[in-house]
$ cat query04.cif   # mmCIF, C-alpha atoms
data_coords
loop_
_atom_site.label_atom_id
_atom_site.label_comp_id
_atom_site.auth_asym_id
_atom_site.auth_seq_id
_atom_site.Cartn_x
_atom_site.Cartn_y
_atom_site.Cartn_z
CA ALA E 12 118.55 113.71 74.05
CA LEU E 13 116.27 116.71 73.52
CA ALA E 14 113.20 114.66 74.46
CA GLN E 15 114.88 113.30 77.59
CA MET E 16 115.98 116.77 78.71
CA ASP E 17 112.42 118.06 78.29
CA GLU E 18 111.11 115.07 80.21
CA GLN E 19 113.51 115.69 83.10
CA ALA E 20 112.31 119.29 83.20
CA ASP E 21 108.71 117.99 83.25
CA LEU E 22 108.02 119.65 79.90
CA ILE E 23 105.99 116.61 78.99
CA GLU E 24 104.10 117.83 75.92
CA SER E 25 107.34 119.00 74.32
CA ALA E 26 109.00 115.65 75.10
CA ARG E 27 106.06 113.72 73.67
CA ALA E 28 106.18 115.78 70.46
CA THR E 29 109.85 114.89 70.00
CA TYR E 30 109.20 111.20 70.65
CA ARG E 31 106.36 111.31 68.08
CA ASN E 32 108.78 112.84 65.61
CA LEU E 33 111.22 109.98 66.28
CA ALA E 34 108.42 107.43 65.80
CA ASP E 35 107.49 109.01 62.46
CA ARG E 36 111.10 109.01 61.23
CA SER E 37 112.13 105.59 62.56
CA LYS E 38 111.59 102.11 61.18
CA ASP E 39 110.97 101.10 64.80
CA SER E 40 107.92 103.21 65.56
CA ALA E 41 106.73 100.78 68.25
CA LEU E 42 109.82 101.52 70.36
CA TRP E 43 109.39 105.30 70.18
CA ASN E 44 105.62 105.17 70.64
CA LEU E 45 106.22 103.23 73.85
CA ARG E 46 108.82 105.77 74.91
CA GLN E 47 106.33 108.56 74.25
CA ALA E 48 103.70 106.84 76.41
CA CYS E 49 106.21 106.56 79.25
CA ALA E 50 106.65 110.33 79.35
CA ILE E 51 104.10 111.10 82.05
CA PRO E 52 103.83 114.18 84.26
CA THR E 53 105.17 114.07 87.80
CA VAL E 54 102.26 116.19 89.03
CA LEU E 55 98.87 115.07 87.70
CA ARG E 56 95.65 117.04 87.73
CA ASP E 57 93.30 114.32 89.00
CA GLU E 58 92.55 110.59 89.14
CA ASP E 59 91.21 110.59 85.56
CA GLU E 60 94.56 111.81 84.22
CA ILE E 61 96.33 109.06 86.18
CA ASP E 62 94.12 106.38 84.59
CA ALA E 63 94.52 107.89 81.12
CA CYS E 64 98.34 107.81 81.32
CA ARG E 65 98.36 104.19 82.43
CA SER E 66 95.92 103.16 79.71
CA VAL E 67 98.14 104.59 76.96
CA ILE E 68 101.17 102.73 78.36
CA ARG E 69 99.25 99.42 78.30
CA ASP E 70 98.27 99.97 74.66
CA ARG E 71 101.82 100.78 73.59
CA LEU E 72 103.21 97.77 75.45
CA ALA E 73 100.93 95.51 73.42
CA ASP E 74 102.15 97.16 70.19
CA GLY E 75 105.77 96.65 71.26
CA ARG E 76 105.28 92.93 71.95
CA GLU E 77 103.64 92.40 68.57
CA SER E 78 106.14 94.40 66.48
CA GLY E 79 108.49 91.42 66.05
CA ILE E 80 111.60 93.66 65.91
CA ARG E 81 114.64 92.44 67.86
CA ARG E 82 116.59 95.18 69.66
CA SER E 83 119.88 95.17 71.52
CA ILE E 84 120.12 96.22 75.16
CA ARG E 85 122.08 99.24 73.90
CA ASP E 86 119.09 100.28 71.76
CA LEU E 87 116.75 100.16 74.77
CA VAL E 88 119.16 101.91 77.14
CA ASP E 89 119.71 104.70 74.60
CA ALA E 90 115.93 105.10 74.22
CA GLY E 91 115.48 105.16 78.00
CA ILE E 92 113.09 102.22 78.18
CA MET E 93 111.86 101.41 81.69
CA PRO E 94 108.57 101.75 83.57
CA PRO E 95 108.00 105.42 84.45
CA PHE E 96 109.24 106.02 87.98
CA ASN E 97 106.09 108.01 88.74
CA LEU E 98 103.84 104.95 88.37
CA GLY E 99 104.54 104.11 92.01
CA PHE E 100 102.87 107.32 93.17
CA HIS E 101 99.49 106.48 91.65
CA HIS E 102 97.91 104.34 94.40
CA ARG E 103 97.28 101.41 92.07
CA ASP E 104 98.25 97.73 92.15
CA ASP E 105 101.17 97.85 89.73
CA ARG E 106 101.90 94.14 89.37
CA ILE E 107 100.05 93.48 86.09
CA LEU E 108 101.34 96.65 84.41
CA ARG E 109 104.93 95.93 85.47
CA GLU E 110 104.65 92.30 84.34
CA ASP E 111 103.39 93.55 80.96
CA PHE E 112 106.32 95.96 80.78
CA ALA E 113 108.82 93.20 81.52
CA SER E 114 107.16 90.89 78.99
CA THR E 115 107.40 93.54 76.27
CA THR E 116 111.00 94.37 77.15
CA ARG E 117 112.01 90.70 77.06
CA ALA E 118 110.30 90.29 73.69
CA MET E 119 112.17 93.31 72.34
CA LEU E 120 115.47 91.86 73.60
CA GLY E 121 114.67 88.35 72.38
CA LEU E 122 115.20 86.87 75.84
CA GLY E 123 114.05 83.32 76.51
CA SER E 124 114.05 81.39 79.77
CA ALA E 125 114.93 83.20 82.97
CA GLU E 126 116.39 80.05 84.57
CA GLY E 127 119.68 80.41 86.40
CA PRO E 128 122.93 78.47 85.99
CA ALA E 129 123.72 75.40 88.07
CA LYS E 130 124.90 75.82 91.63
CA CYS E 131 128.64 76.15 92.14
CA ASP E 132 130.06 74.87 95.43
CA ARG E 133 133.14 76.94 96.28
CA GLY E 134 132.84 77.30 100.07
CA ARG E 135 131.83 80.99 100.36
CA LEU E 136 128.69 82.46 98.79
CA ARG E 137 129.59 85.21 96.34
CA ILE E 138 126.92 87.92 96.71
CA GLY E 139 126.72 90.99 94.52
CA PHE E 140 124.92 94.20 95.52
CA TYR E 141 124.01 96.29 92.49
CA CYS E 142 123.81 100.08 92.84
CA ALA E 143 122.02 101.61 89.87
CA ALA E 144 122.26 105.22 91.07
CA ASN E 145 121.97 107.33 94.26
CA GLU E 146 125.19 105.97 95.74
CA GLY E 147 124.84 107.88 99.00
CA THR E 148 121.37 106.48 99.68
CA PHE E 149 122.54 102.98 98.73
CA ALA E 150 125.49 103.16 101.14
CA ARG E 151 123.42 104.64 103.95
CA SER E 152 120.61 102.09 103.50
CA LEU E 153 122.54 98.85 102.85
CA GLY E 154 126.12 99.72 103.83
CA GLY E 155 125.60 98.84 107.47
CA LEU E 156 124.22 95.42 106.58
CA ILE E 157 126.99 94.70 104.07
CA ARG E 158 129.61 95.55 106.69
CA LEU E 159 128.01 93.09 109.14
CA LEU E 160 128.09 90.11 106.76
CA ASP E 161 130.07 87.12 108.02
CA GLN E 162 132.92 87.03 105.50
CA THR E 163 133.91 83.52 106.48
CA VAL E 164 130.83 82.33 104.59
CA ILE E 165 130.00 85.31 102.32
CA GLU E 166 132.11 87.19 99.79
CA PRO E 167 130.34 90.55 99.20
CA ILE E 168 130.88 92.53 95.99
CA VAL E 169 129.41 96.01 95.46
CA ILE E 170 128.70 96.67 91.77
CA GLY E 171 128.07 100.09 90.29
CA SER E 172 128.42 101.97 87.04
CA ALA E 173 131.76 103.33 85.90
CA ASN E 174 130.55 106.80 86.91
CA SER E 175 129.59 105.70 90.43
CA ALA E 176 132.63 103.52 91.17
CA SER E 177 134.75 106.31 92.67
CA SER E 178 131.90 107.44 94.93
CA LEU E 179 131.30 103.87 96.08
CA ARG E 180 135.00 103.42 96.87
CA MET E 181 134.85 106.48 99.11
CA LEU E 182 131.62 105.39 100.78
CA PHE E 183 132.92 101.86 101.46
CA ARG E 184 136.45 102.93 102.33
CA GLY E 185 137.90 100.62 104.98
CA THR E 186 135.21 97.98 104.41
CA PRO E 187 136.50 94.59 103.19
CA VAL E 188 134.24 94.27 100.16
CA GLY E 189 134.97 93.87 96.50
CA LEU E 190 134.08 96.88 94.33
CA VAL E 191 133.39 96.63 90.60
CA GLY E 192 132.70 99.54 88.27
CA THR E 193 130.92 98.38 85.13
CA SER E 194 131.28 99.81 81.65
CA ILE E 195 128.90 102.48 80.36
CA ASP E 196 128.38 100.14 77.41
CA PRO E 197 125.49 97.86 78.48
CA GLU E 198 126.73 94.83 76.50
CA ARG E 199 130.10 95.03 78.22
CA ALA E 200 128.41 95.60 81.60
CA LEU E 201 126.43 92.37 81.12
CA ALA E 202 129.64 90.47 80.38
CA GLN E 203 131.45 92.01 83.37
CA ILE E 204 128.73 91.03 85.85
CA ARG E 205 128.40 87.53 84.38
CA SER E 206 132.16 87.06 84.74
CA LEU E 207 131.83 87.55 88.51
CA ASP E 208 130.07 84.15 88.69
CA LEU E 209 127.71 85.34 91.43
CA ASP E 210 125.65 82.99 93.55
CA LEU E 211 123.30 85.80 94.52
CA LEU E 212 122.68 89.26 93.07
CA VAL E 213 120.78 91.83 95.13
CA TYR E 214 119.22 94.77 93.30
CA PHE E 215 118.57 97.56 95.79
CA GLU E 216 116.63 99.57 93.17
CA VAL E 217 115.09 98.24 89.96
CA GLY E 218 113.64 101.04 87.89
CA THR E 219 115.56 104.21 88.75
CA THR E 220 117.72 104.02 85.61
CA PRO E 221 117.17 102.32 82.24
CA ILE E 222 120.41 100.34 82.45
CA GLY E 223 119.57 99.10 85.95
CA TYR E 224 116.11 97.99 84.79
CA LEU E 225 117.40 96.31 81.63
CA LEU E 226 120.31 94.52 83.32
CA ALA E 227 117.77 93.03 85.74
CA GLN E 228 115.94 91.43 82.79
CA HIS E 229 118.95 89.13 82.30
CA ARG E 230 120.07 86.16 84.35
CA LEU E 231 123.35 87.39 85.86
CA ALA E 232 123.45 85.22 89.00
CA ARG E 233 122.09 81.90 90.18
CA VAL E 234 119.56 83.66 92.39
CA GLN E 235 118.43 87.27 91.94
CA ILE E 236 116.67 89.39 94.54
CA ALA E 237 114.99 92.79 94.61
CA THR E 238 114.48 94.68 97.83
CA TRP E 239 113.18 97.91 99.31
CA GLY E 240 115.08 100.59 97.37
CA ILE E 241 111.94 100.59 95.20
CA GLN E 242 109.02 99.44 97.33
CA ILE E 243 107.09 97.82 94.44
CA THR E 244 107.35 94.55 92.56
CA THR E 245 109.61 94.55 89.50
CA GLY E 246 107.37 92.31 87.39
CA ILE E 247 110.55 90.72 85.98
CA PRO E 248 110.68 86.91 85.70
CA ALA E 249 114.50 86.90 86.13
CA ILE E 250 114.07 88.32 89.65
CA ASP E 251 113.37 85.32 91.87
CA TYR E 252 112.60 86.86 95.26
CA TYR E 253 111.51 90.15 96.76
CA LEU E 254 113.04 90.59 100.20
CA SER E 255 110.74 92.50 102.54
CA SER E 256 109.66 92.30 106.17
CA ASP E 257 106.78 91.15 108.33
CA LEU E 258 106.73 94.71 109.63
CA LEU E 259 106.16 96.15 106.15
CA GLU E 260 103.67 93.78 104.57
CA ALA E 261 99.93 93.43 104.96
CA GLU E 262 98.71 89.95 105.84
CA ASN E 263 97.86 88.91 102.28
CA SER E 264 100.24 91.07 100.23
CA ALA E 265 102.08 88.27 98.37
CA HIS E 266 99.71 88.68 95.41
CA GLN E 267 101.18 92.17 94.80
CA TYR E 268 104.53 90.64 93.79
CA SER E 269 105.62 88.75 90.69
CA GLU E 270 108.58 87.53 92.75
CA ARG E 271 108.35 85.09 95.64
CA LEU E 272 107.88 87.35 98.67
CA VAL E 273 110.28 86.67 101.55
CA ARG E 274 109.47 88.39 104.85
CA GLY E 275 112.29 89.05 107.28
CA LYS E 276 111.83 90.09 110.89
CA SER E 277 113.58 93.46 110.76
CA LEU E 278 113.47 96.59 108.60
CA LEU E 279 116.46 95.25 106.59
CA THR E 280 118.74 98.18 107.30
CA VAL E 281 121.34 99.40 109.78
CA TYR E 282 120.61 103.07 109.36
CA PRO E 283 122.97 105.73 110.77
CA PRO E 284 120.99 108.45 112.56
CA ILE E 285 121.04 112.01 111.34
CA ARG E 286 122.98 114.44 113.52
CA ARG E 287 120.31 116.14 115.59
CA VAL E 288 120.26 119.92 116.18
CA SER E 289 118.30 121.82 118.80
CA THR E 290 115.40 124.06 117.87
CA ASP E 291 117.28 127.03 119.34
CA ALA E 292 120.28 126.33 117.11
CA SER E 293 118.18 125.78 114.01
CA GLY E 294 117.63 129.44 113.19
CA SER E 295 114.38 130.73 111.75
CA SER E 296 114.49 129.61 108.10
CA LEU E 297 110.78 128.79 108.23
CA GLY E 298 109.99 132.30 109.39
CA ARG E 299 107.47 131.58 112.11
CA ALA E 300 105.35 134.65 111.58
CA SER E 301 102.36 132.93 113.18
CA GLU E 302 101.95 130.80 116.26
CA GLY E 303 100.38 127.97 114.29
CA SER E 304 101.96 124.59 113.87
CA ILE E 305 104.46 123.69 111.16
CA TYR E 306 103.41 120.53 109.32
CA LEU E 307 106.50 119.47 107.40
CA CYS E 308 106.44 117.19 104.36
CA PRO E 309 109.92 117.12 102.73
CA GLN E 310 109.07 114.60 99.99
CA GLN E 311 109.41 114.18 96.24
CA LEU E 312 106.69 116.29 94.69
CA GLY E 313 105.21 113.34 92.81
CA LYS E 314 104.04 111.98 96.17
CA PHE E 315 101.57 114.87 96.48
CA THR E 316 98.75 113.03 94.76
CA PRO E 317 95.25 114.46 94.23
CA ARG E 318 93.97 112.24 97.08
CA PHE E 319 96.40 113.90 99.49
CA ASP E 320 95.02 117.37 98.71
CA ARG E 321 91.88 116.71 100.75
CA ILE E 322 93.91 115.87 103.85
CA LEU E 323 96.19 118.90 103.55
CA GLY E 324 93.17 121.16 103.07
CA GLU E 325 91.31 119.83 106.10
CA ILE E 326 94.37 120.06 108.37
CA LEU E 327 94.74 123.74 107.51
CA ARG E 328 91.02 124.43 107.96
CA ARG E 329 91.13 123.02 111.49
CA ASP E 330 94.37 124.79 112.42
CA VAL E 331 93.64 128.27 111.12
CA ARG E 332 97.18 129.48 111.87
CA GLY E 333 99.00 126.35 110.73
CA GLN E 334 101.29 126.01 107.73
CA VAL E 335 102.14 123.00 105.59
CA VAL E 336 105.79 123.29 104.56
CA ILE E 337 107.10 121.40 101.52
CA THR E 338 110.60 121.24 100.06
CA GLU E 339 110.94 122.31 96.44
CA GLY E 340 112.11 119.82 93.85
CA ASN E 341 114.86 120.28 91.29
CA VAL E 342 112.31 121.27 88.63
CA PRO E 343 110.75 124.72 89.20
CA ASP E 344 107.72 123.95 87.03
CA LEU E 345 106.59 121.24 89.47
CA THR E 346 106.13 123.77 92.26
CA ALA E 347 104.00 125.96 89.99
CA LYS E 348 101.91 122.97 88.83
CA LEU E 349 101.15 121.92 92.40
CA GLN E 350 100.25 125.47 93.40
CA GLN E 351 97.94 125.70 90.42
CA ARG E 352 96.22 122.44 91.37
CA TRP E 353 95.80 123.52 94.98
CA ARG E 354 94.21 126.80 93.92
CA LYS E 355 91.46 124.63 92.44
CA SER E 356 91.30 121.73 94.92
CA ILE E 357 91.81 123.61 98.24
CA PRO E 358 91.44 127.30 97.25
CA ASP E 359 90.52 128.54 100.72
CA VAL E 360 93.82 127.43 102.32
CA ALA E 361 96.24 127.12 99.39
CA ASP E 362 98.12 130.24 100.51
CA ARG E 363 99.21 128.42 103.70
CA VAL E 364 101.01 125.65 101.80
CA ARG E 365 104.57 126.96 101.63
CA PHE E 366 107.61 125.84 99.68
CA VAL E 367 111.17 126.10 100.99
CA PRO E 368 114.41 125.22 99.17
CA GLN E 369 115.71 121.69 99.33
CA ALA E 370 118.14 121.25 102.20
CA LYS E 371 121.05 118.91 102.89
CA GLY E 372 123.31 118.18 105.82
CA SER E 373 122.97 120.59 108.73
CA GLU E 374 120.33 122.65 106.88
CA TYR E 375 118.18 119.53 106.52
CA ALA E 376 118.58 118.74 110.23
CA SER E 377 117.63 122.33 111.02
CA LEU E 378 114.51 122.04 108.88
CA LEU E 379 113.44 118.90 110.78
CA ALA E 380 114.14 120.61 114.11
CA GLN E 381 111.72 123.45 113.31
CA ALA E 382 108.80 121.17 112.42
CA ASP E 383 106.05 120.41 114.92
CA VAL E 384 104.99 117.26 113.09
CA MET E 385 105.92 115.38 109.93
CA LEU E 386 103.21 114.42 107.42
CA ASP E 387 103.66 111.07 105.67
CA PRO E 388 102.09 111.13 102.16
CA ILE E 389 99.24 108.65 101.95
CA ASP E 390 100.01 107.02 98.57
CA PHE E 391 103.80 106.69 98.80
CA GLY E 392 105.24 107.38 102.21
CA GLY E 393 108.74 108.29 103.30
CA VAL E 394 111.50 105.86 104.23
CA ASN E 395 114.73 107.79 104.78
CA THR E 396 112.78 110.90 105.81
CA THR E 397 110.85 108.83 108.33
CA TYR E 398 114.02 107.44 109.91
CA ASP E 399 115.51 110.95 110.02
CA ALA E 400 112.41 112.52 111.57
CA LEU E 401 112.20 109.88 114.29
CA ALA E 402 115.92 110.29 115.01
CA CYS E 403 115.17 114.00 115.56
CA GLY E 404 112.33 113.21 117.93
CA LYS E 405 109.56 114.26 115.55
CA VAL E 406 106.16 112.59 115.28
CA VAL E 407 105.33 111.27 111.79
CA VAL E 408 101.59 110.97 111.19
CA THR E 409 100.91 108.13 108.76
CA LEU E 410 98.05 106.27 107.07
CA PRO E 411 99.26 102.83 105.95
CA SER E 412 97.48 101.02 103.13
CA GLU E 413 97.88 97.45 101.87
CA CYS E 414 100.98 98.54 99.88
CA GLN E 415 104.50 98.30 101.30
CA ARG E 416 105.34 101.81 100.06
CA THR E 417 102.97 103.35 102.64
CA ARG E 418 103.94 101.27 105.67
CA TYR E 419 107.44 102.34 106.81
CA ALA E 420 106.43 104.82 109.50
CA ALA E 421 103.85 102.36 110.84
CA ALA E 422 106.54 99.65 110.92
CA CYS E 423 108.81 101.90 113.00
CA TYR E 424 105.99 102.59 115.45
CA GLN E 425 105.23 98.86 115.65
CA LEU E 426 108.84 98.24 116.70
CA MET E 427 108.54 101.02 119.32
CA GLY E 428 105.18 99.84 120.63
CA ILE E 429 103.48 103.14 119.73
CA ASN E 430 100.11 103.29 117.96
CA GLU E 431 98.77 106.85 118.28
CA PRO E 432 100.35 108.37 115.11
CA ILE E 433 99.05 105.51 112.91
CA ALA E 434 95.74 106.56 111.35
CA ARG E 435 93.08 104.11 110.16
CA SER E 436 91.24 106.57 107.92
CA GLU E 437 91.71 109.95 106.28
CA GLU E 438 89.56 111.55 108.97
CA GLU E 439 91.70 110.02 111.73
CA TYR E 440 94.85 111.21 109.93
CA VAL E 441 93.53 114.79 110.06
#

$ encode --input "query04.cif" --output "structure tokens"
Amino acid sequence: ALAQMDEQADLIESARATYRNLADRSKDSALWNLRQACAIPTVLRDEDEIDACRSVIRDRLADGRESGIRRSIRDLVDAGIMPPFNLGFHHRDDRILREDFASTTRAMLGLGSAEGPAKCDRGRLRIGFYCAANEGTFARSLGGLIRLLDQTVIEPIVIGSANSASSLRMLFRGTPVGLVGTSIDPERALAQIRSLDLDLLVYFEVGTTPIGYLLAQHRLARVQIATWGIQITTGIPAIDYYLSSDLLEAENSAHQYSERLVRGKSLLTVYPPIRRVSTDASGSSLGRASEGSIYLCPQQLGKFTPRFDRILGEILRRDVRGQVVITEGNVPDLTAKLQQRWRKSIPDVADRVRFVPQAKGSEYASLLAQADVMLDPIDFGGVNTTYDALACGKVVVTLPSECQRTRYAAACYQLMGINEPIARSEEEYV
């Protein structure tokens, strides 16, 4: 618990020291050495540190596969075993590393074949939608689709943890769907989901919580699907398909997925627009002391990768009165770490990168209203923030790569028949 608290506070060296202590004291050192390797900083100094972190994880995964010790799912959930969430920010092809992680996890759990049970013909398809965490985002992103399902042929069931069940009931109030809250005990949760006898199980996010990641390693439905809550392959053989979109995928992107890639024609959401406020009504929380433009980037701070520094620096050099405005995270140390990096990478303009408190509801709408333009990070772009910015009439400048996680703003512009905000190079982005 101490190590996990330090990790959440981004006190990574302290967390690693505690995990090393656990490895030294435990008969299962391979488990705790892997857990130590997965404690990686949210904000990294440079590309070399990114590669070093990933290299250590690969080494520890190999040790875990070869240890020969069988663990229960409860052991792995308690240890917090899952691929580090921050891996997705690193601008790397994650498929091999995530497949290695799944292979090691399955070996630790003693799992064999990932084949599903035989088809059951009962008239309606019974489809489960698993919510690992972030109930509000889940409901806002998939709720509209779930409500539109034809219930003469589909029986939808929303599945969450015991802690999230009450929130999900509120969010889906008045919607004719089944709601199941699973036990906090992972063994009992497995049994509960199996007892639902699902034809199809949709995981909106695989990898935001250890229990969500480890449940997905098991065969809990005849067909199992991952989709865009995490815009990266799971690497898990028990996940059969990844549901994406023609709008979001590069021409030859199937190789990035361990799952069979299925491309729909839409953005796979019915997304309620944010309530828009006028600039006049938004107040002056950004304190426009200058006449320069406000370049807003209200993203998780892990998305500010070293590669993005160059772009931010050049924008501010060309607009000598402009300001880049970023929302603070929940961890104060992350703000300080980014500022420290920028003092080295873009020292001449670092003082014009400003942080403002995180905002929700009307304050968030007000923040969007005051921006002149939204900046989409180049290694892991925005999804919900993109939809919200466009709903507020704001331009989102974006640089899509071959990876789905950078292509949401470009997909929106493709639907609208607009090309100008889609850059083809870092220079064109600036």

$ closest_residue --input "query04.cif" --among "E:Ala48, E:Leu225, E:Ala434, E:Val441" --to "Ala421 of chain E" --atoms "only C-alpha atoms"
E:Ala434

$ closest_atom_pairs --input "query04.cif" --of "segment 162-253 of chain E" --to "segment 108-123 of chain E" --cutoff "9 Å" --atoms "only C-alpha atoms" --output "Markdown table"
| residue | atom | partner | partner_atom | distance |
| --- | --- | --- | --- | --- |
| E:Leu225 | CA | E:Thr116 | CA | 8.0 |
| E:Gln228 | CA | E:Arg117 | CA | 7.0 |
| E:His229 | CA | E:Leu122 | CA | 7.8 |
| E:Thr244 | CA | E:Arg109 | CA | 7.6 |
| E:Thr245 | CA | E:Arg109 | CA | 6.3 |
| E:Gly246 | CA | E:Glu110 | CA | 4.1 |
| E:Ile247 | CA | E:Ala113 | CA | 5.4 |
| E:Pro248 | CA | E:Ala113 | CA | 7.8 |

$ atom_distance --input "query04.cif" --atom1 "atom CA of Arg321 of chain E" --atom2 "atom CA of Cys49 of chain E"
27.8 Å

$ closest_atom_pairs --input "query04.cif" --of "segment 214-252 of chain E" --to "segment 264-276 of chain E" --cutoff "12 Å" --atoms "only C-alpha atoms" --output "JSON lines"
{"residue": "E:Val234", "atom": "CA", "partner": "E:Glu270", "partner_atom": "CA", "distance": 11.6}
{"residue": "E:Gln235", "atom": "CA", "partner": "E:Glu270", "partner_atom": "CA", "distance": 9.9}
{"residue": "E:Ile236", "atom": "CA", "partner": "E:Glu270", "partner_atom": "CA", "distance": 8.5}
{"residue": "E:Ala237", "atom": "CA", "partner": "E:Glu270", "partner_atom": "CA", "distance": 8.5}
{"residue": "E:Thr238", "atom": "CA", "partner": "E:Val273", "partner_atom": "CA", "distance": 9.8}
{"residue": "E:Trp239", "atom": "CA", "partner": "E:Arg274", "partner_atom": "CA", "distance": 11.6}
{"residue": "E:Gln242", "atom": "CA", "partner": "E:Tyr268", "partner_atom": "CA", "distance": 10.5}
{"residue": "E:Ile243", "atom": "CA", "partner": "E:Tyr268", "partner_atom": "CA", "distance": 7.7}
{"residue": "E:Thr244", "atom": "CA", "partner": "E:Tyr268", "partner_atom": "CA", "distance": 5.0}
{"residue": "E:Thr245", "atom": "CA", "partner": "E:Ser269", "partner_atom": "CA", "distance": 7.1}
{"residue": "E:Gly246", "atom": "CA", "partner": "E:Ser269", "partner_atom": "CA", "distance": 5.2}
{"residue": "E:Ile247", "atom": "CA", "partner": "E:Ser269", "partner_atom": "CA", "distance": 7.1}
{"residue": "E:Pro248", "atom": "CA", "partner": "E:Ser269", "partner_atom": "CA", "distance": 7.3}
{"residue": "E:Ala249", "atom": "CA", "partner": "E:Glu270", "partner_atom": "CA", "distance": 8.9}
{"residue": "E:Ile250", "atom": "CA", "partner": "E:Glu270", "partner_atom": "CA", "distance": 6.4}
{"residue": "E:Asp251", "atom": "CA", "partner": "E:Glu270", "partner_atom": "CA", "distance": 5.3}
{"residue": "E:Tyr252", "atom": "CA", "partner": "E:Arg271", "partner_atom": "CA", "distance": 4.6}

$ residues_around --input "query04.cif" --residues "Phe215 of chain E" --least-positions-apart "2" --cutoff "9 Å" --atoms "all atoms listed in the file" --output "MDAnalysis selection string"
chainID E and resid 140:143 149 153 213 217 236:241

$ write_last_selection --input "query04.cif" --atoms "C-alpha atoms" --output "PDB file, in the frame of the given file"
ATOM      1  CA  PHE E 140     124.920  94.200  95.520  1.00  0.00           C
ATOM      2  CA  TYR E 141     124.010  96.290  92.490  1.00  0.00           C
ATOM      3  CA  CYS E 142     123.810 100.080  92.840  1.00  0.00           C
ATOM      4  CA  ALA E 143     122.020 101.610  89.870  1.00  0.00           C
ATOM      5  CA  PHE E 149     122.540 102.980  98.730  1.00  0.00           C
ATOM      6  CA  LEU E 153     122.540  98.850 102.850  1.00  0.00           C
ATOM      7  CA  VAL E 213     120.780  91.830  95.130  1.00  0.00           C
ATOM      8  CA  VAL E 217     115.090  98.240  89.960  1.00  0.00           C
ATOM      9  CA  ILE E 236     116.670  89.390  94.540  1.00  0.00           C
ATOM     10  CA  ALA E 237     114.990  92.790  94.610  1.00  0.00           C
ATOM     11  CA  THR E 238     114.480  94.680  97.830  1.00  0.00           C
ATOM     12  CA  TRP E 239     113.180  97.910  99.310  1.00  0.00           C
ATOM     13  CA  GLY E 240     115.080 100.590  97.370  1.00  0.00           C
ATOM     14  CA  ILE E 241     111.940 100.590  95.200  1.00  0.00           C
TER      15      ILE E 241
END

$ atom_distance --input "query04.cif" --atom1 "atom CA of Asn263 of chain E" --atom2 "atom CA of Pro411 of chain E"
14.5 Å

$ closest_residue --input "query04.cif" --among "E:Phe96, E:Tyr282, E:Tyr253, E:Phe315" --to "Phe391 of chain E" --atoms "only C-alpha atoms"
E:Phe315

$ build_atoms --input "query04.cif" --residues "segment 321-329 of chain E" --atoms "N, CA, C and O atoms" --output "PDB file, in the coordinates of the input"
ATOM      1  N   ARG E 321      93.003 116.594  99.795  1.00  0.00           N
ATOM      2  CA  ARG E 321      91.880 116.710 100.750  1.00  0.00           C
ATOM      3  C   ARG E 321      92.376 116.753 102.188  1.00  0.00           C
ATOM      4  O   ARG E 321      91.864 117.517 103.018  1.00  0.00           O
ATOM      5  N   ILE E 322      93.377 115.929 102.488  1.00  0.00           N
ATOM      6  CA  ILE E 322      93.910 115.870 103.850  1.00  0.00           C
ATOM      7  C   ILE E 322      94.632 117.175 104.195  1.00  0.00           C
ATOM      8  O   ILE E 322      94.428 117.745 105.283  1.00  0.00           O
ATOM      9  N   LEU E 323      95.475 117.650 103.286  1.00  0.00           N
ATOM     10  CA  LEU E 323      96.190 118.900 103.550  1.00  0.00           C
ATOM     11  C   LEU E 323      95.200 120.046 103.778  1.00  0.00           C
ATOM     12  O   LEU E 323      95.364 120.860 104.699  1.00  0.00           O
ATOM     13  N   GLY E 324      94.158 120.094 102.938  1.00  0.00           N
ATOM     14  CA  GLY E 324      93.170 121.160 103.070  1.00  0.00           C
ATOM     15  C   GLY E 324      92.458 121.113 104.409  1.00  0.00           C
ATOM     16  O   GLY E 324      92.275 122.148 105.071  1.00  0.00           O
ATOM     17  N   GLU E 325      92.068 119.937 104.849  1.00  0.00           N
ATOM     18  CA  GLU E 325      91.310 119.830 106.100  1.00  0.00           C
ATOM     19  C   GLU E 325      92.179 120.117 107.319  1.00  0.00           C
ATOM     20  O   GLU E 325      91.719 120.716 108.298  1.00  0.00           O
ATOM     21  N   ILE E 326      93.456 119.726 107.277  1.00  0.00           N
ATOM     22  CA  ILE E 326      94.370 120.060 108.370  1.00  0.00           C
ATOM     23  C   ILE E 326      94.452 121.583 108.538  1.00  0.00           C
ATOM     24  O   ILE E 326      94.358 122.116 109.656  1.00  0.00           O
ATOM     25  N   LEU E 327      94.601 122.281 107.443  1.00  0.00           N
ATOM     26  CA  LEU E 327      94.740 123.740 107.510  1.00  0.00           C
ATOM     27  C   LEU E 327      93.439 124.426 107.882  1.00  0.00           C
ATOM     28  O   LEU E 327      93.450 125.500 108.496  1.00  0.00           O
ATOM     29  N   ARG E 328      92.306 123.841 107.540  1.00  0.00           N
ATOM     30  CA  ARG E 328      91.020 124.430 107.960  1.00  0.00           C
ATOM     31  C   ARG E 328      90.834 124.299 109.467  1.00  0.00           C
ATOM     32  O   ARG E 328      90.251 125.183 110.109  1.00  0.00           O
ATOM     33  N   ARG E 329      91.318 123.229 110.054  1.00  0.00           N
ATOM     34  CA  ARG E 329      91.130 123.020 111.490  1.00  0.00           C
ATOM     35  C   ARG E 329      92.185 123.727 112.327  1.00  0.00           C
ATOM     36  O   ARG E 329      91.983 123.964 113.511  1.00  0.00           O
TER      37      ARG E 329
END
